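Worksheet for the structure shown next.
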Amino acid sequence: MISERFKKIVLKELDLDDFDFTDETTANMVPGWDSLSHIQIIVAIEKDYKIKFKGIEILKIKNMGELQNLIDSKLSVAGAG
Amino acid sequence: MFQYIDLNKLKLLFVYDKTDPLVFTSSMFLFAFFVLLLLYRLLNKSKPARIYLIMIFSIFFYYKASGIYFLFLFVVSFLNYFMGKWIGGAKKKKIRLSLFLASVFLNIGLLIYFKYLNFFIQIINDVRGSQIAPIDIFLPLGISFIIFKALSYVIEIYLENIEPVKSIRDFSLFIFYFPTLQLGPIERASKFLPQVEDDNPLTKEMIGTALFLIMSGLIKKVVIADYIGINFVDRVFDSPLRFTGVENLIASYAYALQLYTDFSGYTDMALGISLFLGYRLTDNFNAPFKSLSIADFWRRWHITLSSWCLDYIFKPLQIKFRGMSIFGNALALFITFLVIGIWHGPSWTYIVFGAIHGTYLAFSISTKKLRTKFYKKTKLTNSKVVKFLQWFITFQFVVFAFIIFRSQSLPMAVDMLKQIFSFFHGEVFLQFIDGYKLIFGLIIAGYVAHFLPEIIKEKIRQFVINSSVITKAVMLVFVIWLVVQFRFADLQPFLYFKF
C-alpha cells in the first residue's frame with residue numbers, strides 16, 4: 001500500500017493534482033516522471049522523512065511498492081534505533 | 001572445368017586477412033550468409049545444432065577480421081559468464097560488491113589495454129616530454145561494443161534485474177552473435193537471451209521486414225554514405241583549406257547525413273540479417289535529425305549506447321550528486337557525455353565531441369525551468385514557430401559537433417570553421433551544384449527520405465511484407481544491381497571552382 005504521505009510528496013514534485021498509485025506503478029506510467037524528476041522525488045522523500053538511502057538501493061527500485069518498502073524499512077530502523 | 005579454379009585463391013576466402021573482413025556489404029558475406037541460412041533451415045529440428053551453427057559462423061566472421069584474436073570472444077564470454085554466476089550466487093554484500101568491481105575492472109581493463117593504452121602513453125609523453133615508445137597492439141573487431149554488451153550483463157545481475165544465465169552455451173551465443181559484433185547494437189542480455197530459448201519461428205512479417213531492412217540498409221550504406229563519402233566529404237575533411245567556406249559547409253551537412261546513413265544502414269542490415277535467424281535486435285536509430293532538442297537527439301541516435309550510458313553511468317552519478325540539486329544533474333550529464341565521447345576512440349576530437357554534447361545538455365537542463373516558464377507566459381508552448389526553431393537550432397548544434405567528430409584533428413576542425421566563417425564565397429554554390437550534380441542530388445534525396453513521415457516508411461515495409469515472392473526477388477535484384485552500380489562507379493573527378 002502506498003501511504004498518503006508518500007503519495008503527497010510525489011504529487012507535489014510532479015505538479016499533479018491526483019494519480020491512482022498502486023504498488024505496481026512504475027515511473028513511465030506517471031506523466032512527468034522522468035529521470036530528472038525521479039531524483040527530485042528521491043531527495044524530497046529523504047528530506048520529508050529525514051532518512052538517507054544508499055545509492056545502490058535507489059538504483060534497484062523498480063516500482064512504487066518497492067520504494068514504499070524501502071521507506072518503511074528505513075523508518076523501522078530509525079524507530080528501533 | 002574444376003581445374004581452372006585456383007585452390008589457393010579459394011583457400012584465401014577462409015583465412016584471416018585484415019584488409020578483407022567479412023563486412024555485410026561484401027559479396028563474400030552475402031554468399032556465406034546464404035549458405036548459413038540453408039544449413040540453419042535444414043537444422044530446424046535441432047535447437048542446439050542451430051545455436052552451435054551460429055556460434056561457429058560467428059567465430060569464423062570474427063576470425064576473418066581479427067585472426068587469432070577470435071580468442072578474445074572466448075575470454076569475454078568466460079569472464080562474464082563466471083563473474084555473473086558468482087555475483088548472483090554470493091550471499092554476503094561485501095563479496096558481491098568485490099566480485100562486481102572486479103568484473104568491471106577486468107572488462108574495462110581489457111578495453112583500455114587494447115584501445116587506449118597508446119593514447120595514454122602519448123598523453124604522458126606530451127605532458128612530461130618523455131619518449132616512451134608506443135606498443136604494437138592489435139585492436140580486436142568491435143571491442144567497445146562487445147565489452148559494453150558483456151558489462152551490461154554483470155551490472156544487471158548486480159542490480160538484481162536479471163538472474164545469471166545457466167547455460168554457458170547460450171551466454172556465449174549472446175556474446176558471439178555475429179550480426180552485432182562489428183558495430184552493435186549493444187544488446188541487453190534480458191532482451192536477447194529469452195529469444196535463445198524460443199523456437200524463433202520465421203513469420204511472413206519477419207521475412208518481409210528482414211528484406212526491407214537489408215534493402216534499405218544497402219541503399220543507405222553503399223548508395224548514399226559510401227558514395228558521398230569517397231567522392232566529396234572525405235576530400236573536404238582531408239584538407240579543408242583547399243576548399244571554400246561554402247564547400248566546407250556543404251561537406252559538414254553531407255557528413256552528418258553520411259554518418260547517419262552509414263551507421264543506420266549498417267544497423268538495418270544487422271537487424272535484417274538477425275531476423276532471418278529468428279532473433280529480434282534493438283534498433284539504434286529513430287529519425288535523429290527530426291529531434292527538437294539535444295536530449296531528444298540522444299533518444300534517437302545510437303540508442304543502445306545512449307541508453308546504456310543513461311542507465312549505468314548517468315543514473316549512478318546523478319544519485320551520487322543528488323545533494324547538489326540541478327548542478328548535480330548537469331555535472332552527471334557532462335561526465336556521462338565525456339565517457340560517450342572517449343568510448344568512440346582514442347582521440348581528442350571524440351573527447352571534445354563528448355564535451356560539447358555534455359555542455360549542450362548541462363546548459364539545457366539548467367535553463368529548462370526558465371524556458372518552460374517563458375513559453376507558458378508567452379503562450380508559446382507547443383506553437384509551430386517554437387517547434388520549428390527548436391528543430392532548426394538542434395540540427396545546427398548536432399552538425400557543429402559532428403564537424404569536430406569527423407575532423408582528423410582539432411586544428412583541422414578549427415581550419416574548417418575558419419573557412420566557413422571567413423572564406424565563405426557563396427557564389428561558388430551554383431558552380432558546386434553544377435559540378436557535383438549526382439552528389440548534391442544524393443544529399444538532397446537522403447535528407448528528404450530522412451524527413452519523410454514515419455507512416456510512409458511503415459507503408460513501404462508493409463508493401464514488402466505483403467508482396468509476392470517474385471516481387472520480393474525483383475526488388476532485391478534491383479537493389480543489388482543499384483548497389484553494384486554505385487560500388488564500382490568511377491570516382492568523381494576533383495573539381496576546383498573559380499571565385
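Just so we're on the same page: first chain in the C-alpha cells is A, next is B, and so on; residues restart at 1 for each chain, and ligands are numbered from 1 in the order they show up.
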
Check which residues of chain A sit at most 8 Å from chain B using only C-alpha atoms, and return one row each with the closest pair of atoms and their distance in Å to one decimal, ordered by chain and rising number, as a Markdown table.
```
| residue | atom | partner | partner_atom | distance |
| --- | --- | --- | --- | --- |
| A:Ser35 | CA | B:Lys315 | CA | 7.8 |
| A:Leu36 | CA | B:Asn329 | CA | 7.5 |
| A:Ile39 | CA | B:Arg322 | CA | 6.9 |
| A:Gln40 | CA | B:Ser325 | CA | 7.9 |
| A:Val43 | CA | B:Arg322 | CA | 7.0 |
| A:Gly55 | CA | B:Ile319 | CA | 6.1 |
| A:Ile56 | CA | B:Leu159 | CA | 7.6 |
| A:Ile58 | CA | B:Ile319 | CA | 7.7 |
| A:Leu59 | CA | B:Pro316 | CA | 7.2 |
| A:Lys60 | CA | B:Leu159 | CA | 5.7 |
```

> Using only C-alpha atoms, which residues sit within 10 Å of Leu16 of chain A once same-chain residues fewer than 6 positions away are excluded, as a list in words?
Replying inline: Lys8, Val10, Val30, Pro31 and Gly32 of chain A

Save the residues we just selected, N, CA and C atoms, as a PDB file, in the first residue's frame?
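Ended up saving to again-v5.pdb:
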```pdb
ATOM      1  N   LYS A   8       1.602  12.191  -1.387  1.00  0.00           N
ATOM      2  CA  LYS A   8       1.566  13.663  -1.406  1.00  0.00           C
ATOM      3  C   LYS A   8       2.888  14.234  -1.921  1.00  0.00           C
ATOM      4  N   VAL A  10       5.079  12.806  -3.931  1.00  0.00           N
ATOM      5  CA  VAL A  10       5.221  12.553  -5.369  1.00  0.00           C
ATOM      6  C   VAL A  10       4.362  13.530  -6.167  1.00  0.00           C
ATOM      7  N   VAL A  30       3.534   7.345 -15.061  1.00  0.00           N
ATOM      8  CA  VAL A  30       3.112   8.597 -14.434  1.00  0.00           C
ATOM      9  C   VAL A  30       3.605   9.780 -15.267  1.00  0.00           C
ATOM     10  N   PRO A  31       2.674  10.672 -15.672  1.00  0.00           N
ATOM     11  CA  PRO A  31       3.110  11.804 -16.506  1.00  0.00           C
ATOM     12  C   PRO A  31       4.149  12.677 -15.790  1.00  0.00           C
ATOM     13  N   GLY A  32       5.213  13.013 -16.478  1.00  0.00           N
ATOM     14  CA  GLY A  32       6.227  13.914 -15.927  1.00  0.00           C
ATOM     15  C   GLY A  32       7.301  13.222 -15.101  1.00  0.00           C
TER      16      GLY A  32
END
```

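Residues in contact with Gln131 of chain B at up to 10 Å, not including ones fewer than 4 positions away on its chain and judged by only C-alpha atoms, are Ile121, Gln122, Ile124, Asn125 and Asp126 of chain B.
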
> Residues at most 9 Å from Ile51 of chain A, counting only C-alpha atoms, excluding those fewer than 2 positions away in the same chain, as an MDAnalysis selection string?
Replying inline: chainID A and resid 45:49 53 71 74:75 78

Convert the current residue selection to file output with all heavy atoms, as a PDB file, in the first residue's frame.
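Listing of part_39.pdb after writing:
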```pdb
ATOM      1  N   ILE A  45      11.732  12.884  -0.660  1.00  0.00           N
ATOM      2  CA  ILE A  45      11.388  11.845   0.323  1.00  0.00           C
ATOM      3  C   ILE A  45      12.407  11.834   1.461  1.00  0.00           C
ATOM      4  O   ILE A  45      12.043  11.809   2.644  1.00  0.00           O
ATOM      5  CB  ILE A  45      11.344  10.445  -0.362  1.00  0.00           C
ATOM      6  CG1 ILE A  45      10.154  10.368  -1.312  1.00  0.00           C
ATOM      7  CG2 ILE A  45      11.271   9.332   0.682  1.00  0.00           C
ATOM      8  CD1 ILE A  45      10.166   9.144  -2.199  1.00  0.00           C
ATOM      9  N   GLU A  46      13.683  11.883   1.080  1.00  0.00           N
ATOM     10  CA  GLU A  46      14.732  11.861   2.114  1.00  0.00           C
ATOM     11  C   GLU A  46      14.573  13.031   3.082  1.00  0.00           C
ATOM     12  O   GLU A  46      14.741  12.880   4.291  1.00  0.00           O
ATOM     13  CB  GLU A  46      16.117  11.916   1.456  1.00  0.00           C
ATOM     14  CG  GLU A  46      16.500  10.622   0.763  1.00  0.00           C
ATOM     15  CD  GLU A  46      17.905  10.644   0.187  1.00  0.00           C
ATOM     16  OE1 GLU A  46      18.329  11.707  -0.332  1.00  0.00           O
ATOM     17  OE2 GLU A  46      18.587   9.611   0.246  1.00  0.00           O
ATOM     18  N   LYS A  47      14.214  14.194   2.536  1.00  0.00           N
ATOM     19  CA  LYS A  47      14.055  15.388   3.382  1.00  0.00           C
ATOM     20  C   LYS A  47      12.844  15.247   4.284  1.00  0.00           C
ATOM     21  O   LYS A  47      12.911  15.474   5.484  1.00  0.00           O
ATOM     22  CB  LYS A  47      13.875  16.619   2.482  1.00  0.00           C
ATOM     23  CG  LYS A  47      15.148  17.447   2.339  1.00  0.00           C
ATOM     24  CD  LYS A  47      14.822  18.781   1.686  1.00  0.00           C
ATOM     25  CE  LYS A  47      16.112  19.438   1.210  1.00  0.00           C
ATOM     26  NZ  LYS A  47      15.865  20.368   0.118  1.00  0.00           N
ATOM     27  N   ASP A  48      11.707  14.847   3.671  1.00  0.00           N
ATOM     28  CA  ASP A  48      10.460  14.795   4.399  1.00  0.00           C
ATOM     29  C   ASP A  48      10.510  13.773   5.543  1.00  0.00           C
ATOM     30  O   ASP A  48      10.077  14.051   6.663  1.00  0.00           O
ATOM     31  CB  ASP A  48       9.330  14.457   3.428  1.00  0.00           C
ATOM     32  CG  ASP A  48       7.973  14.766   4.022  1.00  0.00           C
ATOM     33  OD1 ASP A  48       7.440  13.910   4.771  1.00  0.00           O
ATOM     34  OD2 ASP A  48       7.472  15.872   3.768  1.00  0.00           O
ATOM     35  N   TYR A  49      11.042  12.605   5.244  1.00  0.00           N
ATOM     36  CA  TYR A  49      11.085  11.546   6.267  1.00  0.00           C
ATOM     37  C   TYR A  49      12.355  11.603   7.116  1.00  0.00           C
ATOM     38  O   TYR A  49      12.538  10.822   8.020  1.00  0.00           O
ATOM     39  CB  TYR A  49      11.032  10.159   5.597  1.00  0.00           C
ATOM     40  CG  TYR A  49       9.682   9.770   5.038  1.00  0.00           C
ATOM     41  CD1 TYR A  49       9.373   9.995   3.707  1.00  0.00           C
ATOM     42  CD2 TYR A  49       8.729   9.140   5.841  1.00  0.00           C
ATOM     43  CE1 TYR A  49       8.146   9.606   3.171  1.00  0.00           C
ATOM     44  CE2 TYR A  49       7.502   8.742   5.311  1.00  0.00           C
ATOM     45  CZ  TYR A  49       7.221   8.976   3.989  1.00  0.00           C
ATOM     46  OH  TYR A  49       6.021   8.593   3.460  1.00  0.00           O
ATOM     47  N   PHE A  53      18.924   7.249   1.787  1.00  0.00           N
ATOM     48  CA  PHE A  53      19.059   5.993   1.042  1.00  0.00           C
ATOM     49  C   PHE A  53      20.496   5.801   0.607  1.00  0.00           C
ATOM     50  O   PHE A  53      21.250   6.764   0.446  1.00  0.00           O
ATOM     51  CB  PHE A  53      18.195   6.014  -0.220  1.00  0.00           C
ATOM     52  CG  PHE A  53      16.737   6.211   0.029  1.00  0.00           C
ATOM     53  CD1 PHE A  53      16.044   7.242  -0.607  1.00  0.00           C
ATOM     54  CD2 PHE A  53      16.046   5.371   0.874  1.00  0.00           C
ATOM     55  CE1 PHE A  53      14.694   7.431  -0.393  1.00  0.00           C
ATOM     56  CE2 PHE A  53      14.673   5.548   1.099  1.00  0.00           C
ATOM     57  CZ  PHE A  53      14.005   6.578   0.459  1.00  0.00           C
ATOM     58  N   ILE A  71      11.244   2.912   2.112  1.00  0.00           N
ATOM     59  CA  ILE A  71      10.974   3.969   3.102  1.00  0.00           C
ATOM     60  C   ILE A  71      10.627   3.326   4.450  1.00  0.00           C
ATOM     61  O   ILE A  71      11.191   3.680   5.483  1.00  0.00           O
ATOM     62  CB  ILE A  71       9.805   4.875   2.636  1.00  0.00           C
ATOM     63  CG1 ILE A  71      10.164   5.603   1.341  1.00  0.00           C
ATOM     64  CG2 ILE A  71       9.452   5.889   3.721  1.00  0.00           C
ATOM     65  CD1 ILE A  71       9.001   6.330   0.697  1.00  0.00           C
ATOM     66  N   LYS A  74      13.556   1.872   6.260  1.00  0.00           N
ATOM     67  CA  LYS A  74      14.418   2.924   6.848  1.00  0.00           C
ATOM     68  C   LYS A  74      13.782   3.466   8.126  1.00  0.00           C
ATOM     69  O   LYS A  74      14.459   3.723   9.107  1.00  0.00           O
ATOM     70  CB  LYS A  74      14.596   4.077   5.855  1.00  0.00           C
ATOM     71  CG  LYS A  74      15.413   3.728   4.640  1.00  0.00           C
ATOM     72  CD  LYS A  74      16.897   3.790   4.941  1.00  0.00           C
ATOM     73  CE  LYS A  74      17.635   3.093   3.827  1.00  0.00           C
ATOM     74  NZ  LYS A  74      19.060   2.970   4.063  1.00  0.00           N
ATOM     75  N   LEU A  75      12.435   3.642   8.071  1.00  0.00           N
ATOM     76  CA  LEU A  75      11.731   4.209   9.229  1.00  0.00           C
ATOM     77  C   LEU A  75      11.782   3.252  10.418  1.00  0.00           C
ATOM     78  O   LEU A  75      11.985   3.679  11.540  1.00  0.00           O
ATOM     79  CB  LEU A  75      10.274   4.509   8.869  1.00  0.00           C
ATOM     80  CG  LEU A  75      10.079   5.695   7.925  1.00  0.00           C
ATOM     81  CD1 LEU A  75       8.617   5.848   7.561  1.00  0.00           C
ATOM     82  CD2 LEU A  75      10.611   6.983   8.539  1.00  0.00           C
ATOM     83  N   ALA A  78      15.170   3.431  11.895  1.00  0.00           N
ATOM     84  CA  ALA A  78      15.315   4.693  12.642  1.00  0.00           C
ATOM     85  C   ALA A  78      14.538   4.613  13.959  1.00  0.00           C
ATOM     86  O   ALA A  78      15.028   5.039  15.004  1.00  0.00           O
ATOM     87  CB  ALA A  78      14.811   5.855  11.794  1.00  0.00           C
TER      88      ALA A  78
END
```

> segment 34-44 of chain B: which residues within 9 Å, counting only C-alpha atoms, same-chain residues fewer than 4 positions away excluded, as a PyMOL selection string?
Replying inline: chain B and resi 29-30+49-50+53-54+57+276-277

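Using only C-alpha atoms, the protein and nucleic acid residues lying no more than 10 Å from Ile313 of chain B, apart from those fewer than 5 places from it along its own chain, are Ser306, Ser307, Trp308, Gln318, Ala332, Leu333, Ile335, Thr336, Phe337, Val339 and Ile340 of chain B.
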
How would the residues just chosen look if you wrote them out with N, CA, C and O atoms as a PDB file, in the first residue's frame?
```pdb
ATOM      1  N   SER B 306      23.374   5.214 -25.939  1.00  0.00           N
ATOM      2  CA  SER B 306      22.940   6.289 -25.039  1.00  0.00           C
ATOM      3  C   SER B 306      22.120   5.726 -23.889  1.00  0.00           C
ATOM      4  O   SER B 306      22.259   6.194 -22.755  1.00  0.00           O
ATOM      5  N   SER B 307      21.289   4.700 -24.134  1.00  0.00           N
ATOM      6  CA  SER B 307      20.512   4.169 -23.015  1.00  0.00           C
ATOM      7  C   SER B 307      21.428   3.387 -22.060  1.00  0.00           C
ATOM      8  O   SER B 307      21.202   3.380 -20.853  1.00  0.00           O
ATOM      9  N   TRP B 308      22.459   2.763 -22.601  1.00  0.00           N
ATOM     10  CA  TRP B 308      23.453   2.087 -21.746  1.00  0.00           C
ATOM     11  C   TRP B 308      24.081   3.107 -20.801  1.00  0.00           C
ATOM     12  O   TRP B 308      24.163   2.902 -19.583  1.00  0.00           O
ATOM     13  N   GLN B 318      24.108  10.699 -10.982  1.00  0.00           N
ATOM     14  CA  GLN B 318      23.034  11.607 -10.592  1.00  0.00           C
ATOM     15  C   GLN B 318      22.635  11.356  -9.132  1.00  0.00           C
ATOM     16  O   GLN B 318      22.428  12.301  -8.365  1.00  0.00           O
ATOM     17  N   ALA B 332      26.530  15.361 -13.759  1.00  0.00           N
ATOM     18  CA  ALA B 332      26.383  13.949 -14.124  1.00  0.00           C
ATOM     19  C   ALA B 332      26.258  13.806 -15.646  1.00  0.00           C
ATOM     20  O   ALA B 332      26.853  12.914 -16.256  1.00  0.00           O
ATOM     21  N   LEU B 333      25.500  14.705 -16.251  1.00  0.00           N
ATOM     22  CA  LEU B 333      25.345  14.662 -17.715  1.00  0.00           C
ATOM     23  C   LEU B 333      26.674  14.913 -18.408  1.00  0.00           C
ATOM     24  O   LEU B 333      27.047  14.220 -19.360  1.00  0.00           O
ATOM     25  N   ILE B 335      29.769  14.482 -17.354  1.00  0.00           N
ATOM     26  CA  ILE B 335      30.701  13.341 -17.227  1.00  0.00           C
ATOM     27  C   ILE B 335      30.245  12.190 -18.129  1.00  0.00           C
ATOM     28  O   ILE B 335      31.053  11.572 -18.831  1.00  0.00           O
ATOM     29  N   THR B 336      28.939  11.916 -18.132  1.00  0.00           N
ATOM     30  CA  THR B 336      28.413  10.822 -18.967  1.00  0.00           C
ATOM     31  C   THR B 336      28.791  11.044 -20.435  1.00  0.00           C
ATOM     32  O   THR B 336      29.218  10.115 -21.131  1.00  0.00           O
ATOM     33  N   PHE B 337      28.663  12.274 -20.904  1.00  0.00           N
ATOM     34  CA  PHE B 337      28.952  12.529 -22.318  1.00  0.00           C
ATOM     35  C   PHE B 337      30.447  12.561 -22.621  1.00  0.00           C
ATOM     36  O   PHE B 337      30.855  12.251 -23.744  1.00  0.00           O
ATOM     37  N   VAL B 339      32.372  10.392 -21.286  1.00  0.00           N
ATOM     38  CA  VAL B 339      32.598   8.951 -21.469  1.00  0.00           C
ATOM     39  C   VAL B 339      32.110   8.516 -22.852  1.00  0.00           C
ATOM     40  O   VAL B 339      32.790   7.774 -23.563  1.00  0.00           O
ATOM     41  N   ILE B 340      30.926   8.998 -23.253  1.00  0.00           N
ATOM     42  CA  ILE B 340      30.418   8.660 -24.588  1.00  0.00           C
ATOM     43  C   ILE B 340      31.421   9.105 -25.645  1.00  0.00           C
ATOM     44  O   ILE B 340      31.693   8.391 -26.607  1.00  0.00           O
TER      45      ILE B 340
END
```

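Among the candidates B:Ile250, B:Met83, B:Ile186, B:Val483, the one nearest to Ile95 of chain B when counting only C-alpha atoms is B:Met83.
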
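In this model, the gap between atom CA of Ser364 of chain B and atom CA of Phe402 of chain B comes to 18.9 Å.
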
>> So that I can check the surroundings of segment 284-295 of chain B, please list as an MDAnalysis selection string every protein, DNA and RNA residue that reaches within 6 Å of it, counting only C-alpha atoms and ignoring chain neighbours fewer than 3 positions away.
In response: chainID B and resid 298 300:304 390:391 394

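Distances here use only C-alpha atoms; by that measure, the residue among A:Trp33, A:Asn69, A:Ile61, A:Lys54 closest to Glu13 of chain A is A:Trp33.
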
> DSSP on the backbone: what in chain A comes out alpha helix (DSSP H), as number ranges by chain?
Replying inline: A: 4-14, 35-49, 55-60, 64-80

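Atom CA of Asn382 of chain B to atom CA of Thr25 of chain A spans 28.4 Å [interatomic distance, one decimal].
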
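For the atom pair formed by atom CA of Leu70 of chain A and atom CA of Leu101 of chain B, the distance is 24.5 Å, given to one decimal.
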